[in-house]
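Asker: My structure is below; once you've seen it, I'll send some questions.
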Amino acid sequence: MDNNCAATATLLRVENISKTFPGVKALSDLTMEVQRGEILGLVGENGAGKSTLIKILSGVYKPDGGHILIEDKDVSFHDPLEAVRAGISVVYQELSLVPNLTVAENVFGGRPPVNSLGLMNVSMMYQKTQEMLDLFQVDFSPRTRVGSLSLGNQQLVEIVKAVSTDAKILILDEPTSSLSLQEATVLFDWMRQLRGQGITIVFVSHHLEEVFEVTDRVVVLRDGKYVGSKITSQTNENEIVSMMVGRDLSDMPSLCTGDVCGEELLRVEQFSRKGVFEDVSFNLHHGEILTFFGLVGAGRTEVARALVGLDAHTAGKIYLRGEDIHVQDPGSAMNYKMAYLSEDRKTEGLFLDKTIKENFLAPNLRKVAPRGWLRWHILNDLVQTYVTKLEIRTPSINQKINNLSGGNQQKVLLGEWLATEPDVLIVDEPTRGIDVGTKQEIHQLLRDLADQGKGILVISSDLPEALRISDRIAVMRKGRITGFLTHAEANEESVMQLAAGGATGGANAVNIKEN
Amino acid sequence: MSTTQEIKPKNQASAGSNILKTIFQQREIGIFIFVLLFCVALRMASPQFLARANLLALVVGMSFDMIVAVGMTVLMVSGGFDMSVGSTLALAGAVAGYCMAKFGLPVWFSIVLGIAVGGLIGLINGLLVTKVQVNPFITTLGMMQVVRGIVFLLTSGLGIPNLPKEFNYFGQGKWFDVQIPVWIMLFLVIVGEILLRRSKYFRQSYFVGGNERSARLSAINIDQVKIMNYVIVAALAALSGILLAGRMSSASVSAGLGAELRVISAVVIGGASLSGGEGTVLGALLGVILMSLISNGLNLLGINVYWQNIVIGAVLIIAVAADSLSRRNKS
């Protein structure tokens, strides 16, 4: 297949690259090529290894083994600067611009043009930036403060900055995630423009229709391995989706029977937060695990945060057991017996410098201090109960959280919130960064909690996990629910089609976005 | 299943050594030992050290800073910081003195008013820090100068001398042969220590200072806790200012000059961290005691008074450096 591009030589080749993180094999023996002058789409599920590959190419990570060849020359990068010198520039999903500086100052950053005295040549800097901006026909000047530009234009500044280092290869990591549809279309024009100037582009995206719109060729990764490459014009979305999924699930047997729906516990109607998610409606039953699946940036976490009052919502209603409730802040969520466990347990959830005991105290102050005074024996009993119940492995309840493994940290977080006796438990990425053994324990625990009658809302980017534990899966994409799948209907392909926009789900989502 | 059974006995077996370990990990114990050693050294160097008059003067002298330090501890535990306490201290004395001297208002009313004005300054600090999101250092640094300016304006730069006897009683009177400010300090230290350790409300400060985002998820009203703490420290500074004015029989424009630095240093020596989440009133008390002992000791030994600043500054840095080094070793 690749031979169609035979006229253009190979610009970048990675050979047998491997990278292991504690407990995870992020890349194994990956070999792939990037051809000179192409726009290459790099796709794969969450955790397929795209980000790791980019970080290796840009010198952020060092591979455990393998080679990187640029124009057939073996290179190795010790830091990002060496990668830039070798001609590889990356524009990350999160912009790294300084909002208070002008466009030109941002573009030239730490290496402005200098005059013979070694002083900064300001006029030269602005002139050069203007030349670059002219190529893209934009309506702002190099003297504009970056903070006053739209996100789309900031993205362009970031691209101009990357290209200004004489990049041969420009890697764009999810460049459209914060852009509107129009801005994305403009971005694709710019990408074609750059290709016309001989710059090779690697485009990483979760959204297949974008990949099909702009790329010449697509490379699919799965589980840190190279699956295959297709010429874009000779394939279709369904073929790519089936290359992305199709993992052996036999080692993780399903945990649900699919027929456990009790009475309705929570109903959410037309829930919206302007510009973030829209028209999200679903219900959750006693004894049910409902998983919100979606690719990173689909808006799932944002829905959960608004549900428990961490962020405001702009429209919609929440009914708890049929009663219309208003959740303004986490305190009122707690009164309604709703608990939210954040995806980022270290910065939002746990107090790392404090002991297990003190961490349990935080959400349970009311329980432990019924009359305003702490009763240590209540706390000790509470902590001991959950440490035993959840099998938290620690020498003592006075151990600092910092000294626990990721899995045990997650169990502490789960335990302290279970101690508040919630009816609705919202768990965001329950097993992110956790070893396989503890992962299974947490899955079983969630199942047991559901069987006790709690309603559990899981947010997961881990497809096998979603398939394994859920009674129902709600798939989100670009801030909307694109569909619900029952346990019986859900499989890797049906979920991924709704999430990434294969045949049916994709068409739907695009229509909604344009409304 | 088996894991839980294994863990239990291990817990009990190591309980004894755990207690010892936690005791020695406490910052308070370290300073306490240091304070004791310092006392022994002083006793040997100067026989006057343990004289009743000297000890009493020492305790009265530190009571004004310590009253402020109780509030500062609570505030710093919640991640806050107040540079304006010295000025607030002076303002409360000036306001109370002004009310009595100019309008002949009753003593008790003037005292209440002085403390209320202090609380108001704390409220403004708290609102600026939480609702307007001005950096606490900048907010209170500005407030420190504004308030000191007001003190000068209010008293035409001269202070207010010859305060009434009934007012001075609170600074000079004695209960059981010990000056009233000392009793008030003791009362506040005990109450502060118990509240910060045991009360649900004040315990929240540790979570706010430890990790604000996690605290918010735990349904803690962060802004309310912070604002309240700014009010508390300012009101205590005002109380201290009233007692000091009473002790001097006059409200001085230079009252509390530099108090903010002494108090913050003492609280930090006592184990609080500028980033919040740590600290106890007991630690702050030991910090204040240590600093008073240093000044007192240098005085008794007849060492040039300028050395005091050098020694106290060095102790502050050494205390924090030692803590930081021991942390690094642990992790």
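Letters A, B, ... go to the chains of the structure tokens in the order shown; residues in each chain start at 1; ligands are counted from 1 in the same order.
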Given a cut-off of 6 Å, which residues of chain B touch chain A, counting only C-alpha atoms, written out as a ChimeraX atom specification?
Answerer: /B:198-200,213-214,217-219
Asker: Can you write out the residues you just picked, keeping N, CA and C atoms, as an mmCIF file, in the first residue's frame?
Answerer:
data_model
loop_
_atom_site.group_PDB
_atom_site.id
_atom_site.type_symbol
_atom_site.label_atom_id
_atom_site.label_comp_id
_atom_site.auth_asym_id
_atom_site.auth_seq_id
_atom_site.Cartn_x
_atom_site.Cartn_y
_atom_site.Cartn_z
ATOM 1 N N ARG B 198 -9.400 20.151 67.679
ATOM 2 C CA ARG B 198 -10.581 19.337 67.892
ATOM 3 C C ARG B 198 -11.858 19.845 67.226
ATOM 4 N N SER B 199 -11.937 21.135 66.910
ATOM 5 C CA SER B 199 -13.239 21.589 66.430
ATOM 6 C C SER B 199 -13.358 21.348 64.941
ATOM 7 N N LYS B 200 -14.552 20.979 64.550
ATOM 8 C CA LYS B 200 -14.851 20.703 63.154
ATOM 9 C C LYS B 200 -14.561 21.933 62.311
ATOM 10 N N ARG B 213 -8.155 22.480 46.116
ATOM 11 C CA ARG B 213 -9.087 21.839 45.175
ATOM 12 C C ARG B 213 -9.726 20.619 45.808
ATOM 13 N N SER B 214 -8.923 19.863 46.549
ATOM 14 C CA SER B 214 -9.497 18.702 47.226
ATOM 15 C C SER B 214 -10.468 19.136 48.306
ATOM 16 N N LEU B 217 -13.836 19.900 46.891
ATOM 17 C CA LEU B 217 -14.596 18.682 46.606
ATOM 18 C C LEU B 217 -15.169 18.080 47.876
ATOM 19 N N SER B 218 -14.486 18.297 49.004
ATOM 20 C CA SER B 218 -14.967 17.748 50.263
ATOM 21 C C SER B 218 -16.022 18.640 50.893
ATOM 22 N N ALA B 219 -16.592 19.522 50.093
ATOM 23 C CA ALA B 219 -17.689 20.365 50.532
ATOM 24 C C ALA B 219 -17.276 21.346 51.621
#
Asker: Report as a ChimeraX atom specification all protein, DNA and RNA residues lying within 7 Å of segment 18-32 of chain A, evaluated on only C-alpha atoms, omitting residues in the same chain fewer than 5 positions from it.
Answerer: /A:13,49,52,63-66,224-226,435
Asker: Compile the contact shell of segment 260-266 of chain B as a CSV table (one decimal) with C-alpha atoms, in the first residue's frame: residues with an atom at most 8 Å away, counting only C-alpha atoms, same-chain residues fewer than 6 positions apart removed.
Answerer:
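The resulting file, around-v3.csv, is shown below:
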chain,number,residue,atom,x,y,z
B,65,ASP,CA,3.2,38.9,70.0
B,66,MET,CA,1.8,35.5,71.1
B,68,VAL,CA,-1.3,37.7,67.5
B,69,ALA,CA,0.5,34.5,66.8
B,72,MET,CA,-1.6,34.0,62.6
B,82,ASP,CA,-1.0,38.7,57.0
B,83,MET,CA,1.6,41.5,57.0
B,84,SER,CA,-0.8,44.1,58.3
B,85,VAL,CA,-1.1,42.8,61.9
B,86,GLY,CA,1.5,45.2,63.3
B,284,ALA,CA,3.8,28.9,67.6
B,285,LEU,CA,4.0,29.3,71.3
B,286,LEU,CA,7.4,27.5,71.4
B,287,GLY,CA,8.5,29.7,68.5
B,288,VAL,CA,7.6,32.9,70.4
B,291,MET,CA,12.6,34.2,70.1
B,316,LEU,CA,14.4,31.2,61.4
Asker: Name the residues in contact with Val241 of chain A at a cut-off of 9 Å, using only C-alpha atoms, excluding same-chain residues fewer than 4 positions from it; report them as a list in words.
Answerer: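 The filter keeps Gly44, Leu208, Asn236, Glu237, Val245, Glu493, Met496, Gln497, Ala500 and Gly502 of chain A.
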Asker: Put those residues in a file: N, CA and C atoms, as a PDB file, in the first residue's frame.
Answerer:
ATOM      1  N   GLY A  44      -5.609   6.033  16.858  1.00  0.00           N
ATOM      2  CA  GLY A  44      -5.625   4.908  17.779  1.00  0.00           C
ATOM      3  C   GLY A  44      -6.484   5.286  18.962  1.00  0.00           C
ATOM      4  N   LEU A 208     -12.197  10.889  13.293  1.00  0.00           N
ATOM      5  CA  LEU A 208     -11.852  10.263  12.027  1.00  0.00           C
ATOM      6  C   LEU A 208     -12.246  11.108  10.821  1.00  0.00           C
ATOM      7  N   ASN A 236     -11.896   3.486   4.294  1.00  0.00           N
ATOM      8  CA  ASN A 236     -13.057   4.188   4.819  1.00  0.00           C
ATOM      9  C   ASN A 236     -13.039   4.130   6.346  1.00  0.00           C
ATOM     10  N   GLU A 237     -13.952   4.870   6.951  1.00  0.00           N
ATOM     11  CA  GLU A 237     -13.915   4.999   8.412  1.00  0.00           C
ATOM     12  C   GLU A 237     -14.120   3.656   9.103  1.00  0.00           C
ATOM     13  N   VAL A 245      -9.724  -1.164  16.956  1.00  0.00           N
ATOM     14  CA  VAL A 245     -10.217  -1.986  18.067  1.00  0.00           C
ATOM     15  C   VAL A 245      -9.861  -3.454  17.836  1.00  0.00           C
ATOM     16  N   GLU A 493     -16.517  -2.304  18.545  1.00  0.00           N
ATOM     17  CA  GLU A 493     -16.794  -1.547  17.322  1.00  0.00           C
ATOM     18  C   GLU A 493     -17.982  -0.624  17.484  1.00  0.00           C
ATOM     19  N   MET A 496     -16.852   2.345  19.628  1.00  0.00           N
ATOM     20  CA  MET A 496     -15.886   3.238  18.968  1.00  0.00           C
ATOM     21  C   MET A 496     -16.529   4.015  17.835  1.00  0.00           C
ATOM     22  N   GLN A 497     -17.494   3.394  17.168  1.00  0.00           N
ATOM     23  CA  GLN A 497     -18.143   4.128  16.076  1.00  0.00           C
ATOM     24  C   GLN A 497     -18.868   5.341  16.624  1.00  0.00           C
ATOM     25  N   ALA A 500     -15.791   7.822  18.017  1.00  0.00           N
ATOM     26  CA  ALA A 500     -14.859   8.468  17.090  1.00  0.00           C
ATOM     27  C   ALA A 500     -15.552   8.948  15.839  1.00  0.00           C
ATOM     28  N   GLY A 502     -17.588   6.864  13.403  1.00  0.00           N
ATOM     29  CA  GLY A 502     -17.620   6.005  12.225  1.00  0.00           C
ATOM     30  C   GLY A 502     -18.898   6.334  11.497  1.00  0.00           C
TER      31      GLY A 502
END
Asker: Write out as a list in words each polymer residue whose atoms come within 8 Å of Glu174 of chain A, counting only C-alpha atoms; drop sequence neighbours fewer than 5 positions from it.
Answerer: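 Result of the neighbour search: Tyr92, Gln93, Phe203, Val204, Ser205 and His206 of chain A.
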Asker: Can you write just those residues out, N, CA and C atoms, as a short mmCIF file (atom, residue, chain, number, x, y, z; two decimals), in the first residue's frame?
Answerer:
data_model
loop_
_atom_site.label_atom_id
_atom_site.label_comp_id
_atom_site.auth_asym_id
_atom_site.auth_seq_id
_atom_site.Cartn_x
_atom_site.Cartn_y
_atom_site.Cartn_z
N TYR A 92 1.59 20.91 20.84
CA TYR A 92 0.80 20.07 21.75
C TYR A 92 -0.62 20.57 21.87
N GLN A 93 -1.44 19.69 22.41
CA GLN A 93 -2.84 19.99 22.62
C GLN A 93 -3.00 21.25 23.48
N PHE A 203 -0.43 14.34 11.80
CA PHE A 203 -1.65 14.88 12.38
C PHE A 203 -2.27 13.82 13.28
N VAL A 204 -2.34 14.13 14.57
CA VAL A 204 -2.91 13.18 15.51
C VAL A 204 -4.31 13.65 15.86
N SER A 205 -5.29 12.79 15.68
CA SER A 205 -6.65 13.21 16.00
C SER A 205 -7.51 12.02 16.40
N HIS A 206 -8.45 12.31 17.28
CA HIS A 206 -9.43 11.30 17.65
C HIS A 206 -10.58 11.28 16.66
#
Asker: Report the residues of segment 130-228 of chain B whose backbone DSSP state falls under helix (DSSP H, G or I), written as a count of residues only.
Answerer: 71
Asker: Which residues, written as a list in words, have at least one atom at most 6 Å from segment 448-461 of chain A, with only C-alpha atoms counted and residues fewer than 6 positions away on the same chain left out?
Answerer: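 Neighbouring residues, sequence-local ones excluded: His285, His286, Gly287, Glu288, Ile289, Leu290, Thr291, Phe292, Phe293, Asp423, Val424, Leu425, Ile426, Val427, Asp428 and Glu429 of chain A.
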Asker: Write to file, as a short mmCIF file (atom, residue, chain, number, x, y, z; two decimals), in the first residue's frame, the residues of the selection just made, with N, CA and C atoms.
Answerer:
data_model
loop_
_atom_site.label_atom_id
_atom_site.label_comp_id
_atom_site.auth_asym_id
_atom_site.auth_seq_id
_atom_site.Cartn_x
_atom_site.Cartn_y
_atom_site.Cartn_z
N HIS A 285 -30.22 4.11 37.34
CA HIS A 285 -31.10 3.33 38.21
C HIS A 285 -30.34 2.81 39.41
N HIS A 286 -31.10 2.47 40.44
CA HIS A 286 -30.52 1.74 41.57
C HIS A 286 -29.89 0.48 41.02
N GLY A 287 -28.71 0.18 41.50
CA GLY A 287 -28.08 -1.09 41.12
C GLY A 287 -27.46 -1.09 39.74
N GLU A 288 -27.35 0.10 39.13
CA GLU A 288 -26.84 0.14 37.77
C GLU A 288 -25.46 0.79 37.71
N ILE A 289 -24.62 0.25 36.85
CA ILE A 289 -23.39 0.97 36.51
C ILE A 289 -23.56 1.52 35.10
N LEU A 290 -23.62 2.84 35.03
CA LEU A 290 -23.72 3.49 33.72
C LEU A 290 -22.35 4.12 33.45
N THR A 291 -21.76 3.76 32.34
CA THR A 291 -20.44 4.30 32.04
C THR A 291 -20.54 5.33 30.92
N PHE A 292 -19.93 6.48 31.17
CA PHE A 292 -19.79 7.47 30.11
C PHE A 292 -18.48 7.19 29.42
N PHE A 293 -18.55 6.73 28.19
CA PHE A 293 -17.34 6.50 27.44
C PHE A 293 -17.20 7.60 26.40
N ASP A 423 -25.65 7.75 47.66
CA ASP A 423 -26.54 6.92 46.85
C ASP A 423 -26.07 6.91 45.41
N VAL A 424 -25.59 8.09 44.98
CA VAL A 424 -25.08 8.21 43.62
C VAL A 424 -23.58 8.39 43.71
N LEU A 425 -22.86 7.46 43.13
CA LEU A 425 -21.40 7.53 43.18
C LEU A 425 -20.89 7.79 41.76
N ILE A 426 -20.20 8.91 41.59
CA ILE A 426 -19.66 9.23 40.27
C ILE A 426 -18.14 9.04 40.35
N VAL A 427 -17.62 8.13 39.56
CA VAL A 427 -16.19 7.85 39.62
C VAL A 427 -15.57 8.14 38.26
N ASP A 428 -14.66 9.10 38.26
CA ASP A 428 -14.03 9.53 37.02
C ASP A 428 -12.72 8.76 36.85
N GLU A 429 -12.60 8.01 35.80
CA GLU A 429 -11.41 7.20 35.52
C GLU A 429 -10.97 6.41 36.76
#
Asker: I want to know what sits within 6 Å of Val60 of chain A, based on only C-alpha atoms, with residues of the same chain fewer than 2 positions away left out; could you give that as a PyMOL selection string?
Answerer: chain A and resi 55-56+58+79-80
Asker: Quick one, how far is atom CA of Pro181 of chain B from atom CA of Leu239 of chain B?
Answerer: 9.8 Å
